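Trainee: Below is one structure. I have some questions about it.
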Amino acid sequence: MATDPLLRQGPDSTDLILRGGSPAGPVRIALTSAGPALMIPLALIVPTLAVAFCMSQAGARASTVFVVVGVIAGLEYLLGWPMLASYRARRILRVEFAPAGVPASLRVVRTAGPDDPLPLDTLREVRLTHEVVEPYEGDPKPAVSTLVLELVLRDGRERLDPLPFGGDPQPLADALEALLGPAGVVVELRTERSTRSRPVPNSGWTSGGSASAGSAGG
């Protein structure tokens, strides 16, 4: 059976490869999430600085403000670290359909490890959304193309984060249809196109004292 590069047929299963790598244990996931979690206090720096400003306006000492800001940043890190690790643990690496030729079950393999196998008849639909953001006129940046996969199950759904995708998704949709169609699974492909917004220049005073502002365009 002809397959798309993302759909790889092995001796025991046909795998839809979404991300590279192998499952990792919870300890490894937690350790590898420690560094990226440092970005969480930076992302929340605006409300943290707002608290510091309010304290300083209320007459708090600089040392007190410094300690409070440090405590807030530490709490943001300690709360954000497990949240980030949990998110990473649930990321889907691949979906396995077994046996390889005529699948009767599916199994979702996450970063933390594989889920329990499910009968294939629990899968109702596979939705592929090809999202293309095209440049505006004069934009030097190229178009950005991503693919969103959604598995519609009997008792819920699994929706993946957009994945970079620079090719034609039709062969993948055709391959999934050939693999899953005989079991009654619907494969839907749709393409959504949009144009990148033109950046709006910041208003500023010129040397002559006049202000200039840009206008937004599609």
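Labels used: A, B, ... for chains in the order of the structure tokens, numbers from 1 for residues in each chain, and numbers from 1 for ligands as shown.
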To test your reading of the structure, identify every residue in region 63-191 of chain A that backbone DSSP assigns to alpha helix (DSSP H), and report it as an MDAnalysis selection string.

Mentor: chainID A and resid 63:89 170:180

Trainee: Do you know which residues are at most 10 Å from Val51 (chain A) counting only C-alpha atoms, after dropping those on the same chain fewer than 5 positions away, and could you put them as a PyMOL selection string?

Mentor: chain A and resi 45-46+56-57+65+68-69+72

Trainee: Identify which of the residues A:Leu31, A:Val200, A:Ala183, A:Leu189 lies closest to Pro171 (chain A), counting only C-alpha atoms when measuring atom-to-atom distances.

Mentor: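 Counting only C-alpha atoms, the residue closest to Pro171 (chain A) is A:Leu189.
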
Trainee: Contacts of Asp174 (chain A) at 12 Å or less, counting only C-alpha atoms, minus same-chain residues fewer than 3 places along, as a list in words?

Mentor: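 Using only C-alpha atoms, the neighbours found are Met1, Ala2, Thr3, Asp4, Leu7, Val126, Leu128, Asp168, Pro169, Gln170, Pro171, Glu177, Ala178, Leu179, Leu180, Gly181, Val186, Val187, Glu188 and Leu189 of chain A.
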
Trainee: When distances are computed from only C-alpha atoms, which of A:Val133, A:Gly101, A:Pro162, A:Val144 shows the smallest separation from Gln9 (chain A)?

Mentor: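 Closest to Gln9 (chain A), using only C-alpha atoms: A:Gly101.
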
Trainee: Where in region 50-214 of chain A does DSSP assign strand (DSSP E or B), given as a ChimeraX atom specification?

Mentor: /A:92-98,105-110,113-114,118-119,123-134,144-153,156-159,163-164,186-195,204-205,211-212

Trainee: Quick one: residues within 9 Å of Ala89 (chain A), only C-alpha atoms counted, chain neighbours fewer than 5 positions away excluded, as a PyMOL selection string?

Mentor: chain A and resi 23-26+29-30+84+110-113

Trainee: What does the file look like for those residues with C-alpha atoms, as a PDB file, in the first residue's frame?

Mentor:
```
ATOM      1  CA  PRO A  23       8.940   8.069  24.937  1.00  0.00           C
ATOM      2  CA  ALA A  24      10.744   9.231  28.081  1.00  0.00           C
ATOM      3  CA  GLY A  25      10.062   8.504  31.720  1.00  0.00           C
ATOM      4  CA  PRO A  26       8.493  11.046  34.105  1.00  0.00           C
ATOM      5  CA  ILE A  29      10.526  14.794  31.394  1.00  0.00           C
ATOM      6  CA  ALA A  30      10.623  16.704  34.676  1.00  0.00           C
ATOM      7  CA  LEU A  84       4.971  22.422  31.700  1.00  0.00           C
ATOM      8  CA  ARG A 110       2.879  10.083  24.099  1.00  0.00           C
ATOM      9  CA  THR A 111       6.144  11.500  25.385  1.00  0.00           C
ATOM     10  CA  ALA A 112       5.463   9.798  28.734  1.00  0.00           C
ATOM     11  CA  GLY A 113       4.703   6.463  27.067  1.00  0.00           C
TER      12      GLY A 113
END
```

Trainee: Skipping near chain neighbours, those fewer than 2 positions away, what residues fall within 9 Å of Leu151 (chain A) using only C-alpha atoms, listed as a compact mmCIF listing (two decimals) with N, CA and C atoms, in the first residue's frame?

Mentor:
```txt
# COMPACT_ATOMS: atom_id res chain seq x y z
N LEU A 123 -12.68 5.02 16.92
CA LEU A 123 -12.25 6.17 16.13
C LEU A 123 -13.32 6.47 15.09
N ARG A 124 -13.94 7.63 15.19
CA ARG A 124 -15.01 8.01 14.26
C ARG A 124 -14.50 8.76 13.04
N GLU A 125 -13.53 9.65 13.28
CA GLU A 125 -13.11 10.54 12.20
C GLU A 125 -11.70 11.03 12.45
N VAL A 126 -10.97 11.25 11.37
CA VAL A 126 -9.66 11.89 11.41
C VAL A 126 -9.77 13.19 10.64
N ARG A 127 -9.52 14.29 11.32
CA ARG A 127 -9.62 15.60 10.68
C ARG A 127 -8.23 16.19 10.50
N LEU A 149 -3.88 17.97 13.41
CA LEU A 149 -4.53 16.67 13.36
C LEU A 149 -5.48 16.54 14.54
N LEU A 153 -12.92 10.61 18.66
CA LEU A 153 -13.18 9.32 19.25
C LEU A 153 -14.62 9.24 19.74
N GLY A 156 -14.67 11.24 23.07
CA GLY A 156 -13.91 12.49 23.16
C GLY A 156 -13.10 12.71 21.91
N ARG A 157 -12.06 13.53 22.03
CA ARG A 157 -11.22 13.82 20.88
C ARG A 157 -9.83 14.19 21.34
N GLU A 158 -8.89 13.97 20.46
CA GLU A 158 -7.49 14.35 20.68
C GLU A 158 -7.11 15.34 19.60
N ARG A 159 -6.67 16.52 20.01
CA ARG A 159 -6.28 17.55 19.05
C ARG A 159 -4.83 17.93 19.30
N LEU A 160 -4.01 17.81 18.27
CA LEU A 160 -2.59 18.10 18.40
C LEU A 160 -2.31 19.56 18.14
```
